[in-house]
Amino acid sequence: MTKNTPITELKGVGAKRAELYGKLGINTVGDLIFHFPRRYIDYSETVPVCEAVIGEHAVIKAMVIKKNNAARIRQGLVLYKIFAEDDNGDRFTIVFYNNRYAADALEEGGEYYFSGKVSGNLVRKEMNSPTVLKTSEENLLRPVYPLTEGLTAAMLITNISEVLKQADDEFFADPLPNDIRLEYSLAVLEFAIRSIHFPKDDHAAEIARKRLAFDELLKLQLGMIMIKNRTKTENSCKMSRQNVNMQKLYDSMAFELTGAQKRAVSDIINDMCGDSPMNRLIQGDVGSGKTAVAAAAAYFAAENGFQTALMAPTEILAAQHYKTLSELLVPLGIGVCLITGSMTKKQRTEALEGLASESRFVAVGTHALISETTVFKSLGLVITDEQHRFGVGQRAALAVKGNAPHKIVMSATPIPRTLAMIIYGDLDISVLNELPKGRSKIETFAVTAKLRERAFGFVKKQLDEGRQAYIVCPMIEESGSELAAAKEYAESLKKTVLAGYRTGLLHGKMPAAEKEKVMAGFKAHEIDLLVATTVVEVGVDVPNAAVMLIENADRFGLSQLHQLRGRVGRGKYQSYCVLIAGNVTEESRQRLEIMTKTSDGFEISEYDLKMRGAGDFFGNRQHGLPDLKIADIAADRELLAECQKAAKELLSISPDLSAFPRLKKETEELFGRNNNAAEAL
Ligand code: ADP
Ligand code: MG
């Protein structure tokens with residue numbers, strides 16, 4: 001039997017079961033062997049009936065004492081009730097629906113382990129459709145597989161056992177060179193594969209998992225490094241430091257750059273003067289001053305006769321960047337234009353003319369920058385702000401507008417470095433790990449809705465002192481309209497101490513021009529209180545705003561709250577963030593407390609990652625990574641660091657992996673499962 005043997009050649013696998021396997025992506029016996037258990041049930045950890053907690057999983061060892069006849073409850077629903085008794089003589093009921101096979105397998109007088117969720121009440125406990133194991137079984141550690149309806153764990157176990165009995169050597173041929181395997185204390189592949197399905201004990205299961213997760217993360221890291229090496233082409237927008245006086249720009253800035261900003265600018269200049277195009281991520285917490293770094297990069301490019309495109313995810317942000325860059329660069333003789341979807345034809349034509357004719361030019365815009373009508377004369381640098389908002393494809397589309405321009409992506413989502421190396425494995429990274437001087441910590445309070453009145457009183461005090469405030473209003477339920485909810489909320493403020501202040505409304509469904517008007521009004525302090533949905537989330541900069549009040553704060557992710565909080569504390573005033581929790585559970589209380597304790601974005605994201613897991617954390621971000629079967633890039637961080645070391649070792653021996661043909665093939669296969677990444681590889 002080889003890895004490529006079709007699944008249908010296994011005993012008991014006909015067309016029907018093969019179709020079910022197909023749903024899980026399993027077509028060959030090789031696929032089946034690499035379908036790993038999610039966890040194990042340890043049938044030796046039993047509880048007596050009296051201690052089984054209702055609502056929780058348990059394993060109960062009991063003897064079947066009576067089986068009721070099948071009862072037809074209604075059309076298509078047959079109930080099987082079985083009564084069992086544990087060693088203490090306590091009884092409980094086992095229930096199966098429409099599963100005659102499971103019910104028939106139990107014999108009166110037979111002793112079994114039953115594993116499942118306990119239900120019922122204190123008088124009569126029940127277990128609905130438990131998994132069952134005979135007490136005569138020797139191996140009590142049993143795998144739990146991802147399944148699909150119609151496919152049971154028992155079927156999988158039978159099929160996998162058959163494969164493991166008949167597998168040829170090819171199944172277990174190790175992709176890792178032996179010395180690497182020993183260096184990182186990893187099990188041999190055969191042991192890992194056999195033990196992941198049928199471990200002798202907990203320890204064996206853990207060793208097996210470690211080995212298989214290591215392989216997966218290693219291939220991921222190898223693939224990313226190879227992509228990076230392969231994209232190193234000729235630098236066709238080569239720049240030079242000669243005749244560029246950066247000091248001229250710095251002199252016109254209102255502040256001195258932080259050390260971290262200077263280092264980032266210097267990384268960027270080195271890259272643009274180097275032998276291959278720049279591909280750099282600027283990672284900096286909210287307020288770390290990424291825009292100034294972008295301005296410096298654009299200035300350097302312009303002085304070298306290259307145009308820059310700066311793409312922002314929202315019109316508000318694009319307008320803000322446009323303003324900042326115009327103020328800085330236009331006096332230095334560099335043209336700046338704004339290109340967004342909502343501008344008039346005349347404005348657009350003017351902007352496009354500049355782009356097509358002037359080299360010392362910067363275009364700021366939204367994704368409208370990518371539209372076909374936008375033609376650049378000499379695009380040399382593409383900067384994408386808040387890059388996680390854009391897909392890989394949108395970034396690529398913009399780069400095509402020039403001849404292999406340099407690329408910078410800027411992100412305010414702090415990600416621990418080992419993770420960034422995977423997710424942005426194809427990029428070099430500069431971290432802005434230093435906030436501009438003179439920023440005081442934003443004082444953060446988490447309160448329950450009961451204290452809302454007092455919180456409003458606090459906001460009022462700040463407004464009376466001449467500050468401005470944001471209120472992020474409750475999130476919209478699926479059905480309701482965002483506009484209505486925001487309006488209603490703003491209206492309700494009129495019955496509070498916040499009545500009478502100049503109040504603006506900002507929400508996602510608003511036409512862009514209107515948003516801009518409101519934002520401009522807030523910036524000009526024609527508005528005191530800005531009631532907004534989360535559109536204020538990214539990048540908006542109003543130094544006089546000193547309070548951020550967030551309703552239903554418990555519904556946001558911590559990283560998102562951190563982003564929102566970053567909207568204040570941007571000027572010289574002590575700033576505050578008030579988190580109002582609608583629904584307080586112990587868990588949400590703990591989460592919000594983190595916000596009151598730290599303002600370090602890395603720490604917050606670390607916690608967020610731990611709480612939510614990698615799936616949710618990266619969920620809707622199009623990071624374009626291959627799917628992982630067993631490793632978890634968040635939970636397996638230590639292992640990931642080891643893999644990164646091993647990957648470097650392997651590539652230093654053989655840069656294209658040709659010395660490790662099996663590893664190379666498997667790496668390509670891993671990336672082959674995913675289109676984005678496969679294209680890049
Ligand atoms: P972000 O990294 O969140 O995009 P911004 O670029 O919007 O941050 O900068 C936040 C604020 O800090 C802006 O008002 C900007 O003018 C100011 N700023 C940036 N760099 C410095 C600095 N080195 N010193 C003082 N203020 C700075
Ligand atoms: Mg920004």
# chains A, B, ... in the order shown; residues from 1 in each chain; ligands from 1
$ residues_near_ligand --ligand "ligand 1" --cutoff "6 Å" --atoms "only C-alpha atoms and all ligand atoms" --output "number ranges by chain"
A: 255-258, 284, 286-292, 436, 539, 541, 570
$ write_last_selection --atoms "C-alpha atoms" --output "short mmCIF file (atom, residue, chain, number, x, y, z; two decimals), in the first residue's frame"
data_model
loop_
_atom_site.label_atom_id
_atom_site.label_comp_id
_atom_site.auth_asym_id
_atom_site.auth_seq_id
_atom_site.Cartn_x
_atom_site.Cartn_y
_atom_site.Cartn_z
CA PHE A 255 9.43 67.70 15.98
CA GLU A 256 12.59 65.69 16.06
CA LEU A 257 12.29 62.10 14.90
CA THR A 258 12.54 59.44 17.59
CA GLY A 284 4.70 50.42 15.03
CA VAL A 286 -0.53 53.44 17.34
CA GLY A 287 0.96 56.90 17.65
CA SER A 288 4.52 55.75 17.04
CA GLY A 289 4.74 58.11 14.08
CA LYS A 290 4.65 55.93 10.99
CA THR A 291 3.44 58.79 8.80
CA ALA A 292 6.62 60.78 9.38
CA PRO A 436 7.54 60.24 20.63
CA GLY A 539 -5.14 56.42 11.97
CA ASP A 541 -5.29 62.22 14.28
CA ARG A 570 -1.85 62.47 20.41
#
$ select_by_dssp --residues "range 339-481 of chain A" --states "strand (DSSP E or B)" --output "NGL selection string"
:A and (339 or 361-365 or 379-384 or 406-411 or 428-432 or 443-448 or 468-472)
$ residues_near_ligand --ligand "ligand 2" --cutoff "12 Å" --atoms "only C-alpha atoms and all ligand atoms" --output "PyMOL selection string"
chain A and resi 282-295+310-314+316-318+320-321+324+383-387+409-413+536-541+563+566-567+570
$ write_last_selection --atoms "N, CA and C atoms" --output "short mmCIF file (atom, residue, chain, number, x, y, z; two decimals), in the first residue's frame"
data_model
loop_
_atom_site.label_atom_id
_atom_site.label_comp_id
_atom_site.auth_asym_id
_atom_site.auth_seq_id
_atom_site.Cartn_x
_atom_site.Cartn_y
_atom_site.Cartn_z
N ILE A 282 6.94 48.17 8.23
CA ILE A 282 7.17 49.07 9.35
C ILE A 282 6.09 48.78 10.36
N GLN A 283 6.50 48.18 11.46
CA GLN A 283 5.54 47.80 12.47
C GLN A 283 5.65 48.76 13.63
N GLY A 284 4.60 49.48 13.92
CA GLY A 284 4.70 50.42 15.03
C GLY A 284 3.36 50.60 15.68
N ASP A 285 3.37 50.64 16.99
CA ASP A 285 2.17 50.81 17.75
C ASP A 285 1.45 52.10 17.32
N VAL A 286 0.19 52.21 17.66
CA VAL A 286 -0.53 53.44 17.34
C VAL A 286 0.20 54.64 17.94
N GLY A 287 0.33 55.69 17.14
CA GLY A 287 0.96 56.90 17.65
C GLY A 287 2.48 56.89 17.61
N SER A 288 3.06 55.82 17.06
CA SER A 288 4.52 55.75 17.04
C SER A 288 5.12 56.61 15.94
N GLY A 289 4.26 57.16 15.08
CA GLY A 289 4.74 58.11 14.08
C GLY A 289 5.16 57.48 12.76
N LYS A 290 4.33 56.59 12.26
CA LYS A 290 4.65 55.93 10.99
C LYS A 290 4.56 56.90 9.81
N THR A 291 3.63 57.87 9.93
CA THR A 291 3.44 58.79 8.80
C THR A 291 4.72 59.60 8.51
N ALA A 292 5.40 60.01 9.57
CA ALA A 292 6.62 60.78 9.38
C ALA A 292 7.68 59.93 8.67
N VAL A 293 7.71 58.65 8.99
CA VAL A 293 8.65 57.74 8.32
C VAL A 293 8.30 57.64 6.84
N ALA A 294 6.99 57.52 6.58
CA ALA A 294 6.55 57.45 5.18
C ALA A 294 6.92 58.73 4.44
N ALA A 295 6.76 59.87 5.11
CA ALA A 295 7.08 61.15 4.49
C ALA A 295 8.57 61.21 4.14
N LEU A 310 1.06 56.41 -1.89
CA LEU A 310 0.74 56.04 -0.51
C LEU A 310 -0.74 55.66 -0.44
N MET A 311 -0.99 54.40 -0.16
CA MET A 311 -2.37 53.90 -0.18
C MET A 311 -2.89 53.70 1.25
N ALA A 312 -4.04 54.29 1.53
CA ALA A 312 -4.65 54.16 2.85
C ALA A 312 -5.99 53.45 2.73
N PRO A 313 -6.45 52.77 3.79
CA PRO A 313 -7.67 51.96 3.67
C PRO A 313 -8.97 52.76 3.66
N THR A 314 -8.98 54.00 4.18
CA THR A 314 -10.23 54.76 4.19
C THR A 314 -9.98 56.16 3.62
N ILE A 316 -10.98 58.93 4.91
CA ILE A 316 -10.60 59.84 5.99
C ILE A 316 -9.09 59.81 6.19
N LEU A 317 -8.56 58.61 6.23
CA LEU A 317 -7.12 58.47 6.44
C LEU A 317 -6.33 59.03 5.26
N ALA A 318 -6.82 58.75 4.06
CA ALA A 318 -6.12 59.25 2.87
C ALA A 318 -6.08 60.77 2.92
N GLN A 320 -6.23 62.68 5.49
CA GLN A 320 -5.34 63.13 6.56
C GLN A 320 -3.87 63.03 6.13
N HIS A 321 -3.51 61.92 5.51
CA HIS A 321 -2.14 61.76 5.01
C HIS A 321 -1.83 62.82 3.95
N THR A 324 -1.05 66.04 5.74
CA THR A 324 0.27 66.00 6.40
C THR A 324 1.40 66.10 5.38
N ILE A 383 3.77 52.68 -0.79
CA ILE A 383 3.60 52.52 0.65
C ILE A 383 2.14 52.18 0.94
N THR A 384 1.92 51.12 1.67
CA THR A 384 0.56 50.75 2.04
C THR A 384 0.39 50.93 3.53
N ASP A 385 -0.55 51.78 3.93
CA ASP A 385 -0.77 52.03 5.35
C ASP A 385 -1.79 51.05 5.90
N GLU A 386 -1.66 50.73 7.16
CA GLU A 386 -2.57 49.80 7.83
C GLU A 386 -2.80 48.61 6.92
N GLN A 387 -1.69 47.95 6.61
CA GLN A 387 -1.70 47.01 5.50
C GLN A 387 -2.67 45.84 5.69
N VAL A 409 5.13 48.34 3.72
CA VAL A 409 3.81 48.21 4.30
C VAL A 409 3.91 48.65 5.74
N MET A 410 2.89 49.39 6.18
CA MET A 410 2.91 49.89 7.56
C MET A 410 1.78 49.26 8.33
N SER A 411 2.08 48.74 9.50
CA SER A 411 1.03 48.10 10.28
C SER A 411 1.08 48.55 11.73
N ALA A 412 -0.10 48.81 12.27
CA ALA A 412 -0.19 49.23 13.68
C ALA A 412 -0.62 48.06 14.54
N THR A 413 -0.68 46.87 13.96
CA THR A 413 -1.04 45.72 14.75
C THR A 413 0.23 45.05 15.22
N VAL A 536 -13.63 55.29 13.28
CA VAL A 536 -12.50 56.08 13.79
C VAL A 536 -11.30 55.18 14.11
N GLU A 537 -11.52 53.91 13.91
CA GLU A 537 -10.52 52.96 14.36
C GLU A 537 -9.10 53.24 13.88
N VAL A 538 -8.93 53.44 12.60
CA VAL A 538 -7.56 53.58 12.13
C VAL A 538 -7.12 55.01 11.93
N GLY A 539 -5.93 55.28 12.39
CA GLY A 539 -5.14 56.42 11.97
C GLY A 539 -5.60 57.86 12.17
N VAL A 540 -6.87 58.12 12.50
CA VAL A 540 -7.32 59.51 12.55
C VAL A 540 -6.59 60.28 13.67
N ASP A 541 -6.18 61.49 13.38
CA ASP A 541 -5.29 62.22 14.28
C ASP A 541 -5.85 63.60 14.66
N GLN A 563 -6.31 49.99 19.46
CA GLN A 563 -6.31 50.87 18.29
C GLN A 563 -7.20 52.09 18.54
N GLY A 566 -5.80 54.51 20.87
CA GLY A 566 -4.71 55.25 20.26
C GLY A 566 -5.15 56.52 19.53
N ARG A 567 -6.47 56.73 19.40
CA ARG A 567 -6.96 57.96 18.77
C ARG A 567 -6.76 59.16 19.69
N ARG A 570 -2.70 62.14 21.54
CA ARG A 570 -1.85 62.47 20.41
C ARG A 570 -1.33 63.91 20.52
#
$ select_by_dssp --residues "range 320-515 of chain A" --states "helix (DSSP H, G or I)" --output "ChimeraX atom specification"
/A:320-332,345-357,367-370,387-389,392-399,417-423,449-464,482-495,512-515
$ closest_residue --among "A:Lys61, A:Lys323, A:Arg241, A:Arg454" --to "Asp86 in chain A" --atoms "only C-alpha atoms"
A:Lys61
$ atom_distance --atom1 "CA of Glu666 in chain A" --atom2 "CA of Leu650 in chain A"
14.5 Å
$ closest_residue --among "A:Lys461, A:Lys248, A:Arg100, A:Lys523" --to "Val78 in chain A" --atoms "only C-alpha atoms"
A:Arg100
$ closest_atom_pairs --of "range 457-505 of chain A" --to "range 574-596 of chain A" --cutoff "10 Å" --atoms "only C-alpha atoms" --output "JSON lines"
{"residue": "A:Phe458", "atom": "CA", "partner": "A:Val578", "partner_atom": "CA", "distance": 9.5}
{"residue": "A:Val459", "atom": "CA", "partner": "A:Val578", "partner_atom": "CA", "distance": 9.2}
{"residue": "A:Gln462", "atom": "CA", "partner": "A:Ser575", "partner_atom": "CA", "distance": 9.4}
{"residue": "A:Arg467", "atom": "CA", "partner": "A:Ser575", "partner_atom": "CA", "distance": 9.4}
{"residue": "A:Ala469", "atom": "CA", "partner": "A:Tyr576", "partner_atom": "CA", "distance": 9.4}
{"residue": "A:Tyr470", "atom": "CA", "partner": "A:Cys577", "partner_atom": "CA", "distance": 9.5}
{"residue": "A:Ile471", "atom": "CA", "partner": "A:Val578", "partner_atom": "CA", "distance": 9.3}
{"residue": "A:Val472", "atom": "CA", "partner": "A:Leu579", "partner_atom": "CA", "distance": 9.8}
{"residue": "A:Pro474", "atom": "CA", "partner": "A:Gly582", "partner_atom": "CA", "distance": 9.1}
$ write_last_selection --atoms "N, CA, C and O atoms" --output "compact mmCIF listing (two decimals), in the first residue's frame"
# COMPACT_ATOMS: atom_id res chain seq x y z
N PHE A 458 -17.63 62.86 33.65
CA PHE A 458 -16.20 63.00 33.45
C PHE A 458 -15.89 63.59 32.06
O PHE A 458 -15.07 64.50 31.90
N VAL A 459 -16.60 63.08 31.07
CA VAL A 459 -16.42 63.59 29.70
C VAL A 459 -16.77 65.08 29.66
O VAL A 459 -16.06 65.90 29.09
N GLN A 462 -14.07 67.33 30.87
CA GLN A 462 -13.01 67.50 29.88
C GLN A 462 -13.43 68.48 28.77
O GLN A 462 -12.66 69.32 28.34
N ARG A 467 -11.28 70.44 25.84
CA ARG A 467 -10.87 69.26 25.09
C ARG A 467 -12.03 68.77 24.23
O ARG A 467 -13.14 69.27 24.30
N ALA A 469 -13.90 64.97 22.62
CA ALA A 469 -14.04 63.56 23.00
C ALA A 469 -14.65 62.73 21.87
O ALA A 469 -15.43 63.23 21.07
N TYR A 470 -14.25 61.47 21.85
CA TYR A 470 -14.90 60.49 20.96
C TYR A 470 -15.79 59.60 21.82
O TYR A 470 -15.43 59.23 22.94
N ILE A 471 -16.94 59.28 21.30
CA ILE A 471 -17.70 58.19 21.90
C ILE A 471 -17.95 57.14 20.83
O ILE A 471 -18.51 57.44 19.77
N VAL A 472 -17.46 55.93 21.07
CA VAL A 472 -17.75 54.85 20.14
C VAL A 472 -19.05 54.22 20.61
O VAL A 472 -19.13 53.69 21.72
N PRO A 474 -22.60 51.86 20.72
CA PRO A 474 -22.75 50.41 20.74
C PRO A 474 -22.77 49.83 19.33
O PRO A 474 -23.27 50.46 18.40
$ residues_around --residues "Gly120 in chain A" --least-positions-apart "2" --cutoff "12 Å" --atoms "only C-alpha atoms" --output "VMD selection string"
chain A and resid 49 52 to 56 92 to 95 117 to 118 122 to 128
$ write_last_selection --atoms "N, CA, C and O atoms" --output "tab-separated table (two decimals), in the first residue's frame"
chain	number	residue	atom	x	y	z
A	49	VAL	N	-21.03	8.22	38.67
A	49	VAL	CA	-22.23	8.96	38.25
A	49	VAL	C	-22.50	10.13	39.18
A	49	VAL	O	-22.78	11.25	38.74
A	52	ALA	N	-20.40	13.15	38.27
A	52	ALA	CA	-20.42	13.68	36.90
A	52	ALA	C	-21.17	15.02	36.90
A	52	ALA	O	-22.27	15.12	37.42
A	53	VAL	N	-20.52	16.04	36.35
A	53	VAL	CA	-21.10	17.39	36.40
A	53	VAL	C	-21.97	17.63	35.17
A	53	VAL	O	-21.54	17.42	34.04
A	54	ILE	N	-23.20	18.05	35.43
A	54	ILE	CA	-24.12	18.29	34.32
A	54	ILE	C	-23.61	19.44	33.46
A	54	ILE	O	-23.19	20.47	33.98
A	55	GLY	N	-23.61	19.22	32.15
A	55	GLY	CA	-23.12	20.25	31.23
A	55	GLY	C	-21.66	20.06	30.85
A	55	GLY	O	-21.15	20.73	29.97
A	56	GLU	N	-20.98	19.11	31.52
A	56	GLU	CA	-19.58	18.89	31.18
A	56	GLU	C	-19.32	17.49	30.65
A	56	GLU	O	-20.11	16.59	30.83
A	92	PHE	N	-27.60	5.76	35.48
A	92	PHE	CA	-27.82	6.87	34.55
A	92	PHE	C	-28.32	6.33	33.22
A	92	PHE	O	-28.31	5.12	32.99
A	93	THR	N	-28.78	7.23	32.39
A	93	THR	CA	-29.44	6.82	31.15
A	93	THR	C	-28.59	7.21	29.95
A	93	THR	O	-28.05	8.32	29.90
A	94	ILE	N	-28.51	6.28	29.00
A	94	ILE	CA	-27.79	6.57	27.77
A	94	ILE	C	-28.81	6.66	26.65
A	94	ILE	O	-29.71	5.83	26.56
A	95	VAL	N	-28.66	7.68	25.83
A	95	VAL	CA	-29.66	7.90	24.79
A	95	VAL	C	-28.99	7.97	23.43
A	95	VAL	O	-27.95	8.62	23.27
A	117	LYS	N	-21.06	14.25	26.87
A	117	LYS	CA	-21.50	15.36	27.70
A	117	LYS	C	-22.64	14.89	28.61
A	117	LYS	O	-23.57	14.24	28.15
A	118	VAL	N	-22.54	15.25	29.86
A	118	VAL	CA	-23.55	14.84	30.82
A	118	VAL	C	-24.72	15.82	30.78
A	118	VAL	O	-24.52	17.03	30.77
A	122	LEU	N	-30.37	16.28	38.52
A	122	LEU	CA	-29.69	15.61	39.62
A	122	LEU	C	-30.29	14.25	39.96
A	122	LEU	O	-29.61	13.36	40.44
A	123	VAL	N	-31.57	14.10	39.66
A	123	VAL	CA	-32.23	12.83	39.96
A	123	VAL	C	-31.87	11.77	38.91
A	123	VAL	O	-31.56	10.64	39.22
A	124	ARG	N	-31.87	12.20	37.65
A	124	ARG	CA	-31.52	11.25	36.60
A	124	ARG	C	-30.56	11.89	35.61
A	124	ARG	O	-30.95	12.78	34.85
A	125	LYS	N	-29.32	11.44	35.66
A	125	LYS	CA	-28.34	11.98	34.71
A	125	LYS	C	-28.39	11.20	33.41
A	125	LYS	O	-28.72	10.01	33.39
A	126	GLU	N	-28.08	11.91	32.32
A	126	GLU	CA	-28.14	11.28	31.00
A	126	GLU	C	-26.87	11.54	30.22
A	126	GLU	O	-26.15	12.49	30.48
A	127	MET	N	-26.62	10.69	29.24
A	127	MET	CA	-25.56	10.95	28.30
A	127	MET	C	-26.12	10.69	26.91
A	127	MET	O	-26.64	9.62	26.64
A	128	ASN	N	-26.01	11.71	26.08
A	128	ASN	CA	-26.59	11.65	24.75
A	128	ASN	C	-25.52	11.25	23.74
A	128	ASN	O	-24.49	11.90	23.65
$ closest_residue --among "A:Arg263, A:Lys81, A:Lys238, A:Arg91" --to "Ala404 in chain A" --atoms "only C-alpha atoms"
A:Lys238
$ closest_residue --among "A:Glu372, A:Asp179, A:Glu516, A:Glu170" --to "Glu315 in chain A" --atoms "only C-alpha atoms"
A:Glu516
$ residues_around --residues "Lys648 in chain A" --least-positions-apart "4" --cutoff "9 Å" --atoms "only C-alpha atoms" --output "ChimeraX atom specification"
/A:222,225,643-644,652-653
$ residues_around --residues "Leu463 in chain A" --least-positions-apart "4" --cutoff "12 Å" --atoms "only C-alpha atoms" --output "PyMOL selection string"
chain A and resi 456-459+467-470+497-503+525+527-530+544-548+575
$ closest_residue --among "A:Arg439, A:Lys377, A:Lys610, A:Lys346" --to "Glu358 in chain A" --atoms "only C-alpha atoms"
A:Lys377
$ decode --residues "range 445-513 of chain A" --atoms "C-alpha atoms" --output "PDB file, in the first residue's frame"
ATOM      1  CA  PHE A 445     -10.862  52.975  33.290  1.00  0.00           C
ATOM      2  CA  ALA A 446     -13.110  49.994  32.862  1.00  0.00           C
ATOM      3  CA  VAL A 447     -16.587  50.428  34.334  1.00  0.00           C
ATOM      4  CA  THR A 448     -19.965  48.769  34.166  1.00  0.00           C
ATOM      5  CA  ALA A 449     -23.000  50.386  32.588  1.00  0.00           C
ATOM      6  CA  LYS A 450     -24.198  51.420  36.042  1.00  0.00           C
ATOM      7  CA  LEU A 451     -21.492  54.044  36.139  1.00  0.00           C
ATOM      8  CA  ARG A 452     -22.338  55.487  32.732  1.00  0.00           C
ATOM      9  CA  GLU A 453     -23.765  58.699  34.192  1.00  0.00           C
ATOM     10  CA  ARG A 454     -20.573  59.307  36.089  1.00  0.00           C
ATOM     11  CA  ALA A 455     -18.492  58.558  33.024  1.00  0.00           C
ATOM     12  CA  PHE A 456     -20.505  61.125  31.079  1.00  0.00           C
ATOM     13  CA  GLY A 457     -19.887  63.592  33.875  1.00  0.00           C
ATOM     14  CA  PHE A 458     -16.197  63.004  33.449  1.00  0.00           C
ATOM     15  CA  VAL A 459     -16.420  63.585  29.702  1.00  0.00           C
ATOM     16  CA  LYS A 460     -18.340  66.811  30.358  1.00  0.00           C
ATOM     17  CA  LYS A 461     -15.567  68.062  32.613  1.00  0.00           C
ATOM     18  CA  GLN A 462     -13.010  67.501  29.876  1.00  0.00           C
ATOM     19  CA  LEU A 463     -15.170  69.241  27.276  1.00  0.00           C
ATOM     20  CA  ASP A 464     -15.573  72.190  29.606  1.00  0.00           C
ATOM     21  CA  GLU A 465     -11.798  72.418  29.836  1.00  0.00           C
ATOM     22  CA  GLY A 466     -11.683  72.823  26.069  1.00  0.00           C
ATOM     23  CA  ARG A 467     -10.865  69.261  25.085  1.00  0.00           C
ATOM     24  CA  GLN A 468     -12.762  67.108  22.621  1.00  0.00           C
ATOM     25  CA  ALA A 469     -14.037  63.560  22.999  1.00  0.00           C
ATOM     26  CA  TYR A 470     -14.898  60.486  20.963  1.00  0.00           C
ATOM     27  CA  ILE A 471     -17.704  58.191  21.903  1.00  0.00           C
ATOM     28  CA  VAL A 472     -17.748  54.851  20.144  1.00  0.00           C
ATOM     29  CA  CYS A 473     -21.394  53.916  20.237  1.00  0.00           C
ATOM     30  CA  PRO A 474     -22.752  50.405  20.736  1.00  0.00           C
ATOM     31  CA  MET A 475     -22.195  48.017  17.924  1.00  0.00           C
ATOM     32  CA  ILE A 476     -25.051  47.269  15.640  1.00  0.00           C
ATOM     33  CA  GLU A 477     -26.955  44.031  15.920  1.00  0.00           C
ATOM     34  CA  GLU A 478     -27.006  42.015  12.721  1.00  0.00           C
ATOM     35  CA  SER A 479     -30.427  43.250  11.640  1.00  0.00           C
ATOM     36  CA  GLY A 480     -30.487  46.916  12.589  1.00  0.00           C
ATOM     37  CA  SER A 481     -29.086  49.714  10.483  1.00  0.00           C
ATOM     38  CA  GLU A 482     -25.858  51.319  11.528  1.00  0.00           C
ATOM     39  CA  LEU A 483     -27.150  54.778  10.737  1.00  0.00           C
ATOM     40  CA  ALA A 484     -30.297  54.389  12.829  1.00  0.00           C
ATOM     41  CA  ALA A 485     -28.426  53.036  15.806  1.00  0.00           C
ATOM     42  CA  ALA A 486     -25.780  55.768  15.754  1.00  0.00           C
ATOM     43  CA  LYS A 487     -28.448  58.454  15.372  1.00  0.00           C
ATOM     44  CA  GLU A 488     -30.531  57.031  18.138  1.00  0.00           C
ATOM     45  CA  TYR A 489     -27.538  56.908  20.416  1.00  0.00           C
ATOM     46  CA  ALA A 490     -26.577  60.515  19.647  1.00  0.00           C
ATOM     47  CA  GLU A 491     -30.187  61.468  20.296  1.00  0.00           C
ATOM     48  CA  SER A 492     -30.160  59.704  23.674  1.00  0.00           C
ATOM     49  CA  LEU A 493     -27.172  61.808  24.723  1.00  0.00           C
ATOM     50  CA  LYS A 494     -29.478  64.807  24.719  1.00  0.00           C
ATOM     51  CA  LYS A 495     -31.046  63.478  27.881  1.00  0.00           C
ATOM     52  CA  THR A 496     -27.697  63.393  29.668  1.00  0.00           C
ATOM     53  CA  VAL A 497     -25.190  65.903  30.955  1.00  0.00           C
ATOM     54  CA  LEU A 498     -23.673  65.818  27.484  1.00  0.00           C
ATOM     55  CA  ALA A 499     -26.662  67.651  26.008  1.00  0.00           C
ATOM     56  CA  GLY A 500     -25.843  71.007  24.505  1.00  0.00           C
ATOM     57  CA  TYR A 501     -22.357  70.237  23.250  1.00  0.00           C
ATOM     58  CA  ARG A 502     -21.655  70.406  19.551  1.00  0.00           C
ATOM     59  CA  THR A 503     -22.055  66.793  18.536  1.00  0.00           C
ATOM     60  CA  GLY A 504     -21.014  65.143  15.272  1.00  0.00           C
ATOM     61  CA  LEU A 505     -21.956  61.764  13.910  1.00  0.00           C
ATOM     62  CA  LEU A 506     -19.682  59.445  11.983  1.00  0.00           C
ATOM     63  CA  HIS A 507     -20.621  56.014  10.713  1.00  0.00           C
ATOM     64  CA  GLY A 508     -19.610  53.549   8.068  1.00  0.00           C
ATOM     65  CA  LYS A 509     -22.620  53.942   5.783  1.00  0.00           C
ATOM     66  CA  MET A 510     -22.075  57.675   5.316  1.00  0.00           C
ATOM     67  CA  PRO A 511     -20.982  58.963   1.915  1.00  0.00           C
ATOM     68  CA  ALA A 512     -17.263  59.679   1.939  1.00  0.00           C
ATOM     69  CA  ALA A 513     -17.646  63.404   1.352  1.00  0.00           C
TER      70      ALA A 513
END
